[in-house]
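Have a look at the structure below before the remarks.
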Amino acid sequence: MNNINSVSELGSGNVRKLLLQYAIPSVIAMTAASIYNITDSIFIGQGVGALAISGLAITFPLMNLAAAFGSLVGVGAATLLSLRLGQRDYETAGRILGNVFILNLFFGLIYTVVILAFLNPILLFFGASNDTLPYAREYMLVITGGNVVTHLYFGLNALLRSSGEPRKSMMATIYTVVINALMTPIFIYKLNMGIMGAALATILSQLILLVWQIRYFANPKREIRLTKKGFRLDKKIVIDSLKIGTAPFLMNAVSSVIIIVFNQGLIKHGGDLAVGAYGIINRFAALFIMIVMGINQGMQPIAGYNFGAGNMARVNQVLKYTIIFATVVVCVGFVASELFPHGVAMLFTNDPELSRIIVPGLRIVFASFPLIGFQMVTSNFFQSIGHPGKAIFMSLSRQVIFLLPFLFIFPSFMGVKGVWSSIPAADLMSSLVAAYMLLFEYKKLYKNSLKTR
């Protein structure tokens with residue numbers, strides 16, 4: 001398929017079909033990645049133990065921080081690429097590839113050096129105990145050591161999708177997940193490497209696909225490809241990419257802080273196993289959140305291209321369909337968590353005490369889950385059309401304005417239930433903010449669409 005022709009259909013094809021065409025590969029890829037995270041936790045929980053699950057949960061803030069730097073470059077550049085392709089600026093689109101490679105390499109190396117230098121104090125600050133610290137440290141030594149590989153892999157995959165190749169992006173993710181899933185039980189059970197084996201399988205699988213991505217983008221037959229000229233940093237590309245990527249960066253960075261406070265609240269009111277319970281609940285919730293993210297990724301190139309082309313009617317259409325699809329997904333997660341919490345707990349662990357903590361926590365955390373799809377789509381929509389300020393505010397409204405204060409207030413009179421309850425309360429309030437912001441933005445976009453008819 002000619003890359004330019006596949007991109008141009010974003011401005012002329014049926015919007016609903018295009019959304020499905022772009023979203024389904026992303027949803028499959030995201031679902032596969034989430035299923036791997038679930039099976040990875042199952043392998044660790046069943047093969048290493050309940051405390052290993054708690055140790056894994058302690059590492060979530062560091063994982064989110066790494067994702068924050070990755071999204072700062074990858075998401076911003078992917079959105080910028082879609083906008084430039086919508087404007088038919090193929091020369092700049094080509095330079096974006098090389099700039100993303102260099103920026104990911106730079107941020108990845110800095111992150112690795114800093115985290116490895118202070119790993120033990122960081123994990124202890126995050127809430128690791130004498131029982132969970134060895135597991136958290138073993139896991140993060142490998143994950144952090146391979147952080148550059150992770151950044152490059154996710155960054156190039158985002159550009160692969162935005163350059164009109166959603167299926168190839170999907171297959172790259174699926175191959176990574178399959179390789180990962182095959183390696184993990186071998187490293188944990190056969191080679192007796194414990195939680196470190198799970199981390200090693202993750203990095204090696206990403207490295208294998210990274211090699212393929214580089215070969216693909218270096219192909220001289222591609223219209224948009226890696227070139228020596230592209231590896232020279234372009235000030236405008238760097239600034240524009242980082243500006244757009246600031247919203248997901250802040251969302252992930254703030255999430256790291258929230259998880260630290262969340263874990264400390266759980267340790268204070270419920271102990272190490274409560275942290276492990278949150279790790280399992282988080283993995284289960286991520287299954288549905290990742291599907292919504294996949295739908296959002298399908299929306300991103302369509303919304304970005306048509307916004308860049310000035311076709312506001314199509315922008316409005318893709319937003320409407322994305323909200324509908326995302327809401328259906330999160331409603332499925334809500335029903336599953338409320339009706340079958342015991343089954344979810346048994347899937348991850350056979351420890352009766354850990355299961356006893358998971359069941360009520362799962363039901364409380366998912367109480368406002370039907371609203372989260374709308375909130376996520378709205379935030380991503382503003383980001384996709386190059387309005388990072390609004391996306392940043394929406395991301396921070398849930399985490400900082402609502403969730404963080406709730407985490408300090410609710411547990412003081414509700415104990416561990418107050419920690420769990422802070423999540424659905426924040427989801428409810430942030431969804432109301434999203435509706436308020438989208439109402440005025442949608443009116444403006446609708447007026448613009450009338451002018452283009």
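By convention in this document, the chains of the structure tokens carry letters A, B, ... by their order, each chain's residues are numbered from 1, and ligands are numbered from 1 in the order they are shown.
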Need to verify the contact set: Ile53 (chain A), 10 Å, only C-alpha atoms, exclusion of same-chain residues closer than 3 positions in sequence. Can you return it as a ChimeraX atom specification? /A:41-46,48-50,56-58,132,135-136,195,272-273,275-280,348-349
Which residues of region 272-386 of chain A have any atom within 6 Å of an atom in region 407-422 of chain A when counting only C-alpha atoms, and what is the closest pair of atoms for each, with the distance in Å to one decimal? Order the rows by chain and rising number and write it as a tab-separated table.
```
residue	atom	partner	partner_atom	distance
A:Gly361	CA	A:Trp420	CA	5.9
A:Ile364	CA	A:Ser421	CA	6.0
A:Val365	CA	A:Trp420	CA	5.7
```
If we count only C-alpha atoms, what is near Tyr139 (chain A) at a cut-off of 12 Å, once residues fewer than 4 positions away on the same chain are taken out, given as a VMD selection string? chain A and resid 44 52 to 60 62 to 63 116 119 123 132 to 135 143 to 146 193 to 203
May I have the residues within 8 Å of Gly333 (chain A) as a short mmCIF file (atom, residue, chain, number, x, y, z; two decimals) with C-alpha atoms, in the first residue's frame, using only C-alpha atoms and disregarding those fewer than 5 positions away in the same chain?
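Below you can see part19.cif, which holds the result:
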```
data_model
loop_
_atom_site.label_atom_id
_atom_site.label_comp_id
_atom_site.auth_asym_id
_atom_site.auth_seq_id
_atom_site.Cartn_x
_atom_site.Cartn_y
_atom_site.Cartn_z
CA ALA A 285 -9.38 -2.13 35.03
CA PHE A 288 -11.05 -1.96 29.57
CA PHE A 366 -15.69 0.29 39.43
CA PHE A 369 -16.66 3.17 35.67
#
```
Please determine, counting only C-alpha atoms, which residue among A:Ile372, A:Val329, A:Tyr321, A:His151 has the shortest atom-to-atom distance to Gly298 (chain A).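 Using only C-alpha atoms, Gly298 (chain A) sits closest to A:Tyr321.
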Let me make sure I understand: among A:Ile102, A:Asn180, A:Pro370, A:Thr39, which one has the smallest atom-to-atom distance to Cys331 (chain A) if we use only C-alpha atoms?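 Distance minimum relative to Cys331 (chain A) lands on A:Pro370.
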Residues within 10 Å of Arg356 (chain A), please, as a list in words. Count only C-alpha atoms; anything in the same chain fewer than 6 positions from it doesn't count.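 Answer for this query is Ala274, Ala277, His342 and Ala345 of chain A.
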Export N, CA and C atoms of the chosen residues as a PDB file, in the first residue's frame?
```pdb
ATOM      1  N   ALA A 274      -3.054  -5.316  50.788  1.00  0.00           N
ATOM      2  CA  ALA A 274      -3.983  -4.346  50.188  1.00  0.00           C
ATOM      3  C   ALA A 274      -3.357  -3.709  48.954  1.00  0.00           C
ATOM      4  N   ALA A 277      -3.693  -6.187  46.275  1.00  0.00           N
ATOM      5  CA  ALA A 277      -5.075  -6.190  45.781  1.00  0.00           C
ATOM      6  C   ALA A 277      -5.286  -5.067  44.774  1.00  0.00           C
ATOM      7  N   HIS A 342     -15.567 -12.233  42.645  1.00  0.00           N
ATOM      8  CA  HIS A 342     -14.874 -13.409  43.174  1.00  0.00           C
ATOM      9  C   HIS A 342     -14.118 -14.147  42.076  1.00  0.00           C
ATOM     10  N   ALA A 345     -10.888 -12.296  41.317  1.00  0.00           N
ATOM     11  CA  ALA A 345      -9.877 -12.530  42.350  1.00  0.00           C
ATOM     12  C   ALA A 345      -9.244 -13.906  42.215  1.00  0.00           C
TER      13      ALA A 345
END
```
